[in-house]
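Shown here: model22.cif, mmCIF, C-alpha atoms.
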```cif
data_coords
#
loop_
_atom_site.label_atom_id
_atom_site.label_comp_id
_atom_site.auth_asym_id
_atom_site.auth_seq_id
_atom_site.Cartn_x
_atom_site.Cartn_y
_atom_site.Cartn_z
CA MET R 216 68.28 30.81 -1.35
CA ILE R 217 65.68 33.46 -0.66
CA TYR R 218 66.88 35.45 -3.67
CA LEU R 219 66.16 32.41 -5.79
CA LEU R 220 62.55 32.28 -4.54
CA CYS R 221 62.17 35.94 -5.48
CA LEU R 222 63.47 35.19 -8.96
CA CYS R 223 61.01 32.27 -9.18
CA LEU R 224 58.20 34.78 -8.65
CA PHE R 225 59.69 36.88 -11.45
CA SER R 226 59.84 33.86 -13.75
CA VAL R 227 56.14 33.07 -13.07
CA GLY R 228 55.34 36.57 -14.32
CA LEU R 229 57.68 36.09 -17.29
CA TYR R 230 55.95 32.83 -18.27
CA CYS R 231 52.61 34.62 -18.17
CA ILE R 232 53.85 37.41 -20.45
CA LEU R 233 55.27 34.97 -23.00
CA ARG R 234 52.57 32.32 -23.22
CA LYS R 235 49.16 33.85 -22.72
CA ARG R 236 46.88 35.13 -25.45
CA ASN R 237 44.61 37.41 -23.48
CA ILE R 238 45.83 40.98 -23.13
CA ILE R 239 44.59 41.23 -19.55
CA LYS R 240 46.59 38.14 -18.63
CA ILE R 241 49.68 39.78 -20.12
CA ILE R 242 49.06 42.87 -17.98
CA ILE R 243 48.73 40.63 -14.90
CA GLY R 244 52.08 39.05 -15.79
CA ILE R 245 53.73 42.48 -15.99
CA VAL R 246 52.30 43.40 -12.58
CA ILE R 247 53.62 40.19 -10.99
CA ALA R 248 57.10 40.71 -12.49
CA GLU R 249 57.12 44.25 -11.14
CA TYR R 250 56.25 43.07 -7.61
CA ALA R 251 59.13 40.58 -7.80
CA VAL R 252 61.67 43.23 -8.75
CA ASN R 253 60.62 45.56 -5.92
CA LEU R 254 60.90 42.64 -3.49
CA PHE R 255 64.42 41.95 -4.72
CA PHE R 256 65.52 45.50 -3.92
CA ILE R 257 64.18 45.40 -0.37
CA LEU R 258 65.74 41.95 0.19
CA ILE R 259 69.14 43.40 -0.67
CA ALA R 260 68.68 46.16 1.86
CA PHE R 261 67.89 43.94 4.82
CA ARG R 262 70.24 43.64 7.78
CA MET R 263 70.03 40.89 10.38
CA ASN R 264 68.59 42.20 13.68
CA GLY R 265 68.26 45.62 12.13
CA ARG R 266 65.73 48.29 12.90
CA ALA R 267 63.49 50.37 10.68
CA PRO R 268 65.15 53.61 9.44
CA LEU R 269 63.41 55.94 11.90
CA PHE R 270 65.07 57.85 14.70
CA SER R 271 63.59 57.80 18.16
CA PRO R 272 64.07 60.52 20.78
CA ASP R 273 65.30 58.44 23.65
CA VAL R 274 67.18 55.50 22.19
CA ASN R 275 70.56 55.61 20.50
CA ILE R 276 70.20 53.44 17.42
CA THR R 277 73.20 51.94 15.67
CA ASN R 278 71.91 49.08 13.53
CA MET R 279 69.48 50.33 10.94
CA VAL R 280 68.61 48.65 7.68
CA ASP R 281 69.79 50.29 4.49
CA PRO R 282 67.54 53.27 3.66
CA LEU R 283 68.73 53.85 0.11
CA PRO R 284 66.99 50.96 -1.75
CA GLN R 285 63.81 51.75 0.19
CA ALA R 286 63.84 55.25 -1.26
CA LEU R 287 64.29 53.83 -4.77
CA VAL R 288 61.45 51.31 -4.36
CA LEU R 289 59.08 53.97 -3.00
CA THR R 290 59.31 55.80 -6.31
CA ALA R 291 59.20 52.61 -8.35
CA ILE R 292 55.90 51.46 -6.84
CA VAL R 293 54.05 54.61 -7.89
CA ILE R 294 55.64 54.47 -11.35
CA GLY R 295 54.38 50.89 -11.68
CA LEU R 296 50.86 52.08 -10.99
CA ALA R 297 51.13 54.73 -13.71
CA THR R 298 52.38 52.10 -16.19
CA THR R 299 49.52 49.73 -15.33
CA ALA R 300 46.92 52.48 -15.79
CA LEU R 301 48.35 53.34 -19.22
CA LEU R 302 48.36 49.66 -20.26
CA VAL R 303 44.74 49.20 -19.18
CA ALA R 304 43.70 52.30 -21.14
CA ILE R 305 45.38 50.92 -24.28
CA ALA R 306 43.74 47.51 -23.73
CA MET R 307 40.30 49.12 -23.47
CA ARG R 308 40.92 51.02 -26.69
CA ILE R 309 41.93 47.80 -28.45
CA TYR R 310 38.75 46.12 -27.27
CA GLU R 311 36.70 48.96 -28.65
CA LYS R 312 38.32 48.70 -32.06
CA TYR R 313 38.59 44.94 -32.55
CA GLY R 314 35.91 43.49 -30.31
CA THR R 315 38.21 40.95 -28.69
CA PHE R 316 41.11 40.68 -26.28
CA ASP R 317 42.79 37.89 -28.23
CA ILE R 318 46.19 38.96 -29.53
CA THR R 319 46.23 36.45 -32.39
CA LYS R 320 43.24 38.20 -33.95
CA ILE R 321 44.69 41.70 -33.81
CA ARG R 322 46.53 41.70 -37.09
CA GLU R 323 45.95 45.04 -38.70
CA LEU R 324 48.85 47.42 -38.25
CA ARG R 325 47.41 50.35 -40.15
CA GLY R 326 47.90 53.89 -38.96
CA MET Q 72 12.10 51.85 -3.53
CA SER Q 73 13.20 53.62 -6.65
CA ARG Q 74 15.28 56.21 -4.84
CA GLU Q 75 18.09 53.89 -3.84
CA HIS Q 76 18.30 52.16 -7.21
CA ASP Q 77 18.61 55.50 -8.92
CA LYS Q 78 22.38 55.59 -9.16
CA GLY Q 79 25.27 54.23 -7.18
CA MET Q 80 25.18 51.23 -4.95
CA THR Q 81 22.76 49.91 -2.33
CA LEU Q 82 21.67 51.67 0.85
CA ILE Q 83 24.04 49.75 3.11
CA VAL Q 84 27.07 50.79 1.07
CA LYS Q 85 25.90 54.40 1.00
CA THR Q 86 25.48 54.57 4.77
CA ILE Q 87 28.90 53.12 5.48
CA THR Q 88 30.47 55.44 2.91
CA ARG Q 89 28.92 58.46 4.54
CA LEU Q 90 30.55 57.46 7.83
CA THR Q 91 34.01 56.53 6.59
CA VAL Q 92 34.88 58.88 3.74
CA GLY Q 93 35.69 61.79 6.03
CA LEU Q 94 37.88 59.58 8.20
CA ILE Q 95 39.82 58.33 5.19
CA LEU Q 96 40.47 61.89 4.04
CA LEU Q 97 41.60 62.92 7.51
CA TYR Q 98 43.91 59.91 7.77
CA GLY Q 99 45.47 60.83 4.44
CA ILE Q 100 46.12 64.40 5.60
CA TYR Q 101 47.69 63.04 8.80
CA ILE Q 102 50.09 60.81 6.89
CA ILE Q 103 51.08 63.66 4.58
CA SER Q 104 51.72 66.21 7.29
CA HIS Q 105 53.71 63.85 9.54
CA GLY Q 106 55.81 62.58 6.65
CA HIS Q 107 59.12 63.62 8.16
CA VAL Q 108 58.48 62.21 11.63
CA SER Q 109 56.80 58.87 11.09
CA PRO Q 110 56.57 56.54 8.09
CA GLY Q 111 54.44 57.62 5.19
CA GLY Q 112 55.23 60.70 3.21
CA GLY Q 113 53.78 62.40 0.17
CA PHE Q 114 53.22 59.38 -2.09
CA ALA Q 115 51.23 57.18 0.26
CA GLY Q 116 49.26 60.13 1.61
CA GLY Q 117 48.41 61.38 -1.87
CA VAL Q 118 47.14 57.96 -2.92
CA ILE Q 119 44.99 57.74 0.24
CA VAL Q 120 43.39 61.13 -0.47
CA ALA Q 121 42.66 60.04 -4.06
CA LEU Q 122 41.15 56.79 -2.73
CA SER Q 123 38.71 58.73 -0.54
CA PHE Q 124 37.31 60.58 -3.55
CA ILE Q 125 37.20 57.38 -5.59
CA HIS Q 126 35.29 55.71 -2.74
CA LEU Q 127 32.74 58.52 -2.88
CA MET Q 128 32.37 58.14 -6.62
CA LEU Q 129 32.00 54.35 -6.52
CA ALA Q 130 29.29 54.42 -3.88
CA TYR Q 131 27.22 57.40 -4.95
CA GLY Q 132 27.70 57.83 -8.67
CA LYS Q 133 29.64 60.47 -10.49
CA GLU Q 134 27.51 63.55 -9.78
CA GLU Q 135 28.14 63.47 -6.04
CA ALA Q 136 31.88 63.10 -6.54
CA PHE Q 137 31.98 65.90 -9.10
CA LYS Q 138 30.22 68.21 -6.66
CA ARG Q 139 33.12 67.80 -4.25
CA LEU Q 140 35.97 67.78 -6.74
CA SER Q 141 35.18 68.72 -10.32
CA LYS Q 142 37.32 67.73 -13.29
CA SER Q 143 38.79 71.18 -13.80
CA ALA Q 144 39.61 71.46 -10.10
CA ALA Q 145 41.55 68.18 -10.25
CA SER Q 146 43.56 69.43 -13.20
CA ILE Q 147 44.34 72.72 -11.45
CA PHE Q 148 45.43 70.93 -8.28
CA GLU Q 149 47.78 68.67 -10.17
CA SER Q 150 49.46 71.50 -12.02
CA THR Q 151 49.71 73.50 -8.79
CA GLY Q 152 51.47 70.61 -7.09
CA ALA Q 153 54.02 70.26 -9.87
CA ILE Q 154 54.73 74.01 -10.06
CA LEU Q 155 55.02 74.24 -6.28
CA PHE Q 156 57.58 71.44 -6.21
CA LEU Q 157 59.61 73.12 -8.94
CA ALA Q 158 59.39 76.46 -7.14
CA ILE Q 159 60.77 74.92 -3.93
CA ALA Q 160 63.61 73.44 -5.96
CA LEU Q 161 64.45 76.67 -7.74
CA LEU Q 162 64.30 78.71 -4.55
CA GLY Q 163 67.20 76.62 -3.34
CA PHE Q 164 69.31 78.73 -5.63
CA SER Q 165 69.08 81.48 -3.02
CA GLY Q 166 71.30 79.45 -0.77
CA GLY Q 167 73.76 78.02 -3.25
CA TYR Q 168 72.60 75.17 -5.44
CA PHE Q 169 69.52 73.49 -6.89
CA PHE Q 170 67.29 71.79 -4.31
CA LEU Q 171 69.14 73.21 -1.34
CA ASN Q 172 67.23 72.84 1.91
CA PHE Q 173 67.16 76.52 2.77
CA LEU Q 174 64.60 76.92 5.55
CA PRO Q 175 65.72 76.70 9.19
CA LYS Q 176 65.95 73.16 10.42
CA GLY Q 177 64.45 73.40 13.89
CA GLU Q 178 64.78 70.63 16.39
CA PRO Q 179 63.96 67.06 15.36
CA PHE Q 180 60.78 65.10 16.24
CA ARG Q 181 58.62 68.19 16.04
CA LEU Q 182 56.03 69.01 13.43
CA PHE Q 183 57.69 72.20 12.19
CA SER Q 184 61.18 70.98 11.50
CA ALA Q 185 63.31 69.67 8.67
CA GLY Q 186 63.30 72.72 6.43
CA THR Q 187 61.58 72.28 3.07
CA ILE Q 188 60.68 68.61 3.54
CA PRO Q 189 57.07 69.12 4.81
CA LEU Q 190 56.39 71.61 2.00
CA SER Q 191 57.72 69.15 -0.56
CA ASN Q 192 55.48 66.47 0.92
CA ILE Q 193 52.41 68.65 0.48
CA ALA Q 194 53.32 69.51 -3.11
CA ILE Q 195 53.94 65.86 -4.03
CA SER Q 196 50.69 64.75 -2.40
CA LEU Q 197 48.67 67.33 -4.35
CA LYS Q 198 50.19 66.09 -7.58
CA VAL Q 199 49.81 62.38 -6.91
CA GLY Q 200 46.30 62.63 -5.47
CA ALA Q 201 44.80 64.79 -8.20
CA GLY Q 202 46.63 62.90 -10.94
CA LEU Q 203 45.39 59.48 -9.85
CA PHE Q 204 41.83 60.79 -9.46
CA ALA Q 205 42.02 62.17 -13.02
CA ILE Q 206 43.28 58.81 -14.33
CA PHE Q 207 40.44 56.98 -12.62
CA VAL Q 208 37.78 59.39 -13.92
CA ALA Q 209 39.10 59.06 -17.46
CA LEU Q 210 39.15 55.25 -17.33
CA VAL Q 211 35.72 54.84 -15.76
CA LEU Q 212 33.77 57.31 -17.81
CA LEU Q 213 34.81 55.98 -21.18
CA LYS Q 214 31.79 54.39 -22.76
CA LEU Q 215 32.70 51.14 -24.42
CA ASP Q 216 30.92 49.08 -26.96
CA SER Q 217 32.65 46.75 -29.30
CA LYS Q 218 32.44 47.85 -32.88
CA LYS Q 219 34.34 45.99 -35.52
CA ASP Q 220 34.88 48.91 -37.85
CA LYS Q 221 35.59 52.33 -36.58
CA GLU Q 222 35.78 54.21 -39.89
CA MET C 2 63.22 33.77 9.04
CA ALA C 3 60.73 30.95 8.68
CA GLU C 4 57.76 33.29 8.17
CA LEU C 5 59.60 34.99 5.33
CA TYR C 6 59.96 31.71 3.42
CA LEU C 7 56.35 30.80 4.18
CA LEU C 8 55.02 34.08 2.82
CA LEU C 9 57.18 33.84 -0.29
CA ILE C 10 55.88 30.36 -1.06
CA PHE C 11 52.31 31.61 -0.51
CA MET C 12 52.97 34.44 -2.98
CA ILE C 13 54.37 32.05 -5.59
CA ILE C 14 51.36 29.74 -5.29
CA ALA C 15 48.96 32.71 -5.57
CA ALA C 16 50.85 33.94 -8.65
CA ILE C 17 50.58 30.50 -10.30
CA ILE C 18 46.84 30.52 -9.57
CA ALA C 19 46.54 34.00 -11.10
CA VAL C 20 48.29 32.86 -14.26
CA GLU C 21 46.43 29.61 -14.84
CA VAL C 22 42.79 30.34 -13.95
CA GLU C 23 40.46 30.95 -16.91
CA ASP C 24 38.08 33.43 -15.29
CA LEU C 25 39.50 36.96 -15.44
CA LEU C 26 37.92 38.20 -12.23
CA SER C 27 39.40 35.34 -10.20
CA SER C 28 42.88 35.97 -11.53
CA VAL C 29 42.65 39.66 -10.64
CA ILE C 30 41.68 38.70 -7.08
CA ALA C 31 44.67 36.34 -6.94
CA VAL C 32 46.95 39.20 -7.96
CA GLY C 33 45.45 41.14 -5.06
CA ALA C 34 46.48 38.31 -2.75
CA VAL C 35 50.06 38.50 -4.09
CA GLY C 36 50.16 42.23 -3.42
CA LEU C 37 48.87 41.89 0.14
CA GLY C 38 51.41 39.18 0.90
CA LEU C 39 54.09 41.46 -0.49
CA SER C 40 53.03 44.26 1.85
CA ILE C 41 53.35 41.94 4.87
CA VAL C 42 56.79 40.81 3.65
CA PHE C 43 57.87 44.45 3.48
CA LEU C 44 56.82 44.87 7.11
CA ILE C 45 58.83 41.83 8.15
CA LEU C 46 61.86 43.24 6.32
CA LYS C 47 61.62 46.42 8.43
CA ALA C 48 60.45 48.84 5.71
CA PRO C 49 57.25 50.55 6.98
CA ASP C 50 57.19 53.40 4.41
CA VAL C 51 57.32 50.99 1.52
CA ALA C 52 54.68 48.72 3.10
CA ILE C 53 52.13 51.54 3.44
CA THR C 54 52.72 52.71 -0.12
CA GLN C 55 52.54 49.19 -1.57
CA LEU C 56 49.23 48.49 0.21
CA VAL C 57 47.36 51.55 -1.03
CA VAL C 58 48.83 51.45 -4.52
CA GLU C 59 47.84 47.81 -4.88
CA ILE C 60 44.25 48.61 -3.89
CA LEU C 61 44.10 51.25 -6.62
CA CYS C 62 45.64 48.88 -9.16
CA LEU C 63 42.96 46.28 -8.33
CA ILE C 64 40.18 48.83 -8.86
CA ILE C 65 41.56 49.80 -12.27
CA LEU C 66 42.02 46.17 -13.36
CA ILE C 67 38.51 45.18 -12.30
CA ARG C 68 37.11 48.07 -14.30
CA ALA C 69 38.77 46.70 -17.41
CA THR C 70 37.64 43.09 -16.98
CA LEU C 71 34.09 43.61 -15.81
CA LYS C 72 31.97 42.33 -18.64
CA ARG C 73 34.39 41.00 -21.15
CA ASP C 74 35.05 37.35 -20.50
CA ILE C 75 35.73 35.50 -23.71
CA PRO C 76 36.62 31.81 -23.66
CA PHE C 77 39.79 30.76 -25.39
CA SER C 78 40.82 27.53 -26.99
CA THR C 79 44.32 26.24 -27.49
CA THR C 80 45.68 26.21 -31.02
CA GLY C 81 48.13 23.74 -32.46
CA ARG C 82 51.84 23.58 -31.49
CA TRP C 83 50.87 24.34 -27.92
CA PHE C 84 53.07 21.69 -26.39
CA PHE C 85 56.15 22.68 -28.34
CA ASN C 86 55.81 26.36 -27.43
CA THR C 87 55.35 25.62 -23.75
CA LEU C 88 58.36 23.33 -23.73
CA ILE C 89 60.56 25.99 -25.30
CA THR C 90 59.39 28.59 -22.78
CA VAL C 91 60.00 26.31 -19.80
CA CYS C 92 63.49 25.46 -21.08
CA PHE C 93 64.29 29.16 -21.48
CA ILE C 94 63.12 29.92 -17.96
CA ALA C 95 65.14 26.99 -16.56
CA VAL C 96 68.30 28.30 -18.25
CA PHE C 97 67.55 31.79 -16.89
CA LEU C 98 67.19 30.46 -13.34
CA MET C 99 70.39 28.42 -13.53
CA LEU C 100 72.40 31.41 -14.70
CA ALA C 101 70.79 33.54 -12.02
CA HIS C 102 71.83 31.03 -9.37
CA LYS C 103 75.41 31.31 -10.57
CA CYS C 104 75.31 35.12 -10.47
CA LEU C 105 73.66 35.32 -7.08
CA LYS C 106 76.77 33.94 -5.46
CA ASP C 107 78.52 37.25 -6.05
CA ILE C 108 76.24 39.58 -4.12
CA PRO C 109 76.70 39.77 -0.32
CA GLU C 110 74.95 37.23 1.81
CA PHE C 111 71.35 37.89 2.85
CA GLY C 112 71.35 40.06 5.96
CA PHE C 113 74.79 41.65 5.75
CA PRO C 114 74.70 44.51 3.24
CA ILE C 115 77.74 46.58 2.39
CA MET C 116 76.11 50.01 2.89
CA ARG C 117 78.95 52.12 1.64
CA VAL C 118 76.87 55.17 0.72
CA ALA C 119 74.26 54.70 3.40
CA LYS C 120 76.77 55.03 6.22
CA THR C 121 77.04 58.74 5.45
CA TYR C 122 73.27 59.10 5.42
CA LEU C 123 72.90 57.24 8.71
CA SER C 124 75.51 59.21 10.58
CA GLN C 125 74.79 62.70 9.26
CA GLY C 126 71.14 62.53 8.17
CA LEU C 127 69.64 63.87 11.36
CA ASN C 128 72.09 66.75 11.67
CA LYS C 129 72.00 67.89 8.08
CA THR C 130 68.25 67.77 7.46
CA GLY C 131 66.56 67.67 10.84
CA ALA C 132 64.05 65.01 9.76
CA SER C 133 63.75 61.91 11.88
CA ASN C 134 62.37 59.78 9.05
CA LEU C 135 65.50 58.86 7.12
CA VAL C 136 63.73 57.58 4.02
CA ALA C 137 61.82 60.88 3.66
CA SER C 138 65.04 62.85 4.01
CA VAL C 139 66.69 60.65 1.36
CA ILE C 140 63.91 61.06 -1.21
CA LEU C 141 63.27 64.74 -0.58
CA ASP C 142 66.64 66.16 0.33
CA PHE C 143 69.58 64.00 -0.64
CA ARG C 144 68.02 62.56 -3.82
CA ALA C 145 65.34 65.11 -4.61
CA TYR C 146 66.19 65.13 -8.30
CA ASP C 147 64.83 61.59 -8.65
CA THR C 148 61.56 62.71 -7.06
CA LEU C 149 61.32 65.47 -9.65
CA GLY C 150 61.72 62.84 -12.36
CA GLU C 151 59.00 60.73 -10.79
CA ALA C 152 56.60 63.70 -10.69
CA THR C 153 57.26 64.15 -14.40
CA ILE C 154 56.46 60.49 -15.06
CA LEU C 155 53.12 60.80 -13.25
CA PHE C 156 52.26 63.89 -15.25
CA THR C 157 53.11 62.09 -18.50
CA ALA C 158 50.95 59.13 -17.49
CA VAL C 159 47.94 61.37 -16.81
CA VAL C 160 48.38 63.15 -20.15
CA GLY C 161 48.78 59.80 -21.91
CA VAL C 162 45.63 58.26 -20.43
CA LEU C 163 43.58 61.34 -21.24
CA ALA C 164 44.92 61.35 -24.80
CA ILE C 165 44.10 57.66 -25.34
CA VAL C 166 40.63 57.95 -23.91
CA ARG C 167 39.73 61.04 -25.84
CA GLY C 168 39.49 59.14 -29.11
CA VAL C 169 40.60 59.59 -32.66
CA GLY C 170 41.82 63.07 -33.50
CA ARG C 171 40.07 65.45 -35.79
CA LYS C 172 38.09 63.08 -37.95
CA LYS C 173 34.70 64.63 -37.34
CA GLU C 174 33.88 68.15 -36.30
CA LYS C 175 31.32 67.31 -33.65
CA GLN C 176 32.76 64.33 -31.85
CA ILE C 177 31.90 64.26 -28.17
CA ILE C 178 32.79 61.64 -25.66
CA ARG C 179 29.74 59.70 -24.56
CA GLU C 180 29.79 59.17 -20.85
CA GLU C 181 28.66 56.00 -19.21
CA ASP C 182 26.23 56.31 -16.33
CA GLU C 183 27.26 54.00 -13.50
#
```
Just dump the structure as structure tokens.
Amino acid sequence: MIYLLCLCLFSVGLYCILRKRNIIKIIIGIVIAEYAVNLFFILIAFRMNGRAPLFSPDVNITNMVDPLPQALVLTAIVIGLATTALLVAIAMRIYEKYGTFDITKIRELRG
Amino acid sequence: MSREHDKGMTLIVKTITRLTVGLILLYGIYIISHGHVSPGGGFAGGVIVALSFIHLMLAYGKEEAFKRLSKSAASIFESTGAILFLAIALLGFSGGYFFLNFLPKGEPFRLFSAGTIPLSNIAISLKVGAGLFAIFVALVLLKLDSKKDKE
Amino acid sequence: MAELYLLLIFMIIAAIIAVEVEDLLSSVIAVGAVGLGLSIVFLILKAPDVAITQLVVEILCLIILIRATLKRDIPFSTTGRWFFNTLITVCFIAVFLMLAHKCLKDIPEFGFPIMRVAKTYLSQGLNKTGASNLVASVILDFRAYDTLGEATILFTAVVGVLAIVRGVGRKKEKQIIREEDE
């Protein structure tokens, strides 16, 4: 059930990418979809009554959550930031050339 | 009162920035150097260090920030971080294979333990911090006006 | 797990607000609310490394987005065939969610992961690497090749942004970048 809520967040982002005409709204949709995917990874790694994956000097710990998806998501978050920065740079360039953010008015595909 | 409207933000923001920017930088260095003992690591620490310089630039204007970290210095730091990380990886060949952890391990929960992991953290933080500062400088300093024809 | 459901519903409502509001600055602030809620959810799911990184990266993402939307608010009007397009999109998303609900029955139940590879990391991580933070030892010792790939991606992003901002290539001989004084 909680996985379905996470996929609802992803579908909100997907609706925004498909239906909006402003480029900045499309970038916001991509950011929301990315948050949803990272959340899905960490939800898979959770263990009931688990502990964070850190050792402690005086306690013998046996029930840790899964550390492998956390390592993957750590990299994915910083990659998402790089992608967003590149998208915003392209959007600012498009504004400089066409004077608008509306994608239905950007029709010239010259080189 | 023309001195405070010269560049940057108001006087209140400038005073608070003067107090907190050093603390943010120190906190970032703490998270980087204790990356193998407590949560954090190179990525989060690098972003925090970049945020301290961006904070300085937002509050005071770009000249103050460029006095502390010029554009060429940021580019040199980023390349140094990448080359350092590759060098640590290639030096693993001395022990057997690529990326081998070849330094002595030490005992856990201390600052000087875990082989090459603290050095890798420092290299990654240099790269991430300088790279994100360079991205921010490039995006902010682009002058934009909307022209219909660019020919 | 009641707080987990509550935070997820808060995030979905904030995301719907971010999508529907006309003013660009307000929708960027709503995305910031989604990111902060996500960081708290990561803490509840016992992932402190990821929570710290998500918090600071989301602050930087907000700064970059606000820079792009600062003075460029243009009102939009809806064109024809709006209702038909929205209906098609909603039907597509409904089909996607129904198929996802069927597929989600195959993965293990929430809270009981299989952890076939991670058992080796958990039992031998401290002895083999000497680091007490397991996630750091996974990204920098067991899976360091992926971190090298990520460093390459960051480098490519910096080169890409600088190339886009620099302007059109060699059209004029004396083309300098005018800098904005803020």
Discussion item. I'd like the residues picked by the PyMOL selection byres ((chain R) within 10 of (chain Q)) written out as a ChimeraX atom specification, using the chain letters and numbers from the file.
Written reply: /R:267-272,289-290,292-293,296-297,300-301,303-304,307-315
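Proximity ranking of C:Phe84, C:Ala69, C:Val42, C:Ile64 relative to Ile305 of chain R places C:Ala69 first, based on all atoms listed in the file.
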Item to complete: Point out the residue among Q:Phe124, Q:Leu190, Q:Met80, Q:Gly111 with the least atom-to-atom distance to Ala286 of chain R, counting only C-alpha atoms.
Response: Q:Gly111
Practice prompt. Report the distance between atom CA of Ala31 of chain C and atom CA of Val84 of chain Q in Å, rounded to one decimal place.
Written response: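 About the pair atom CA of Ala31 of chain C and atom CA of Val84 of chain Q: they are 24.1 Å apart.
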Chain C near chain R within 6 Å: what's each residue's closest atom pair and its distance in Å to one decimal, counting all atoms listed in the file, ordered by chain then ascending residue number, as CSV?
```
residue,atom,partner,partner_atom,distance
C:Ile13,CA,R:Leu224,CA,5.6
C:Lys47,CA,R:Ala267,CA,4.9
C:Val51,CA,R:Leu289,CA,5.7
C:Gly112,CA,R:Arg262,CA,4.2
C:Phe113,CA,R:Arg262,CA,5.4
C:Ser133,CA,R:Phe270,CA,5.1
C:Asn134,CA,R:Leu269,CA,4.9
C:Leu135,CA,R:Pro268,CA,5.8
C:Val136,CA,R:Pro282,CA,5.8
C:Ile140,CA,R:Ala286,CA,5.8
C:Ala158,CA,R:Ala297,CA,5.8
C:Val162,CA,R:Leu301,CA,5.8
```
File output for segment 255-276 of chain R (C-alpha atoms) as a short mmCIF file (atom, residue, chain, number, x, y, z; two decimals), in the first residue's frame:
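File written: decode04.cif
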```cif
data_model
loop_
_atom_site.label_atom_id
_atom_site.label_comp_id
_atom_site.auth_asym_id
_atom_site.auth_seq_id
_atom_site.Cartn_x
_atom_site.Cartn_y
_atom_site.Cartn_z
CA PHE R 255 10.96 3.98 -3.76
CA PHE R 256 14.53 2.71 -3.41
CA ILE R 257 14.75 3.56 0.27
CA LEU R 258 11.31 2.03 0.91
CA ILE R 259 12.57 -1.26 -0.50
CA ALA R 260 15.54 -1.21 1.83
CA PHE R 261 13.59 -0.77 5.05
CA ARG R 262 13.44 -3.47 7.69
CA MET R 263 10.92 -3.55 10.52
CA ASN R 264 12.53 -2.59 13.86
CA GLY R 265 15.83 -2.15 12.07
CA ARG R 266 18.64 0.20 12.94
CA ALA R 267 20.62 2.66 10.86
CA PRO R 268 23.69 1.10 9.15
CA LEU R 269 26.27 2.43 11.61
CA PHE R 270 28.34 0.37 14.00
CA SER R 271 28.62 1.38 17.62
CA PRO R 272 31.52 0.49 19.91
CA ASP R 273 29.64 -1.06 22.77
CA VAL R 274 26.52 -2.65 21.32
CA ASN R 275 26.37 -5.79 19.21
CA ILE R 276 23.97 -4.97 16.40
#
```
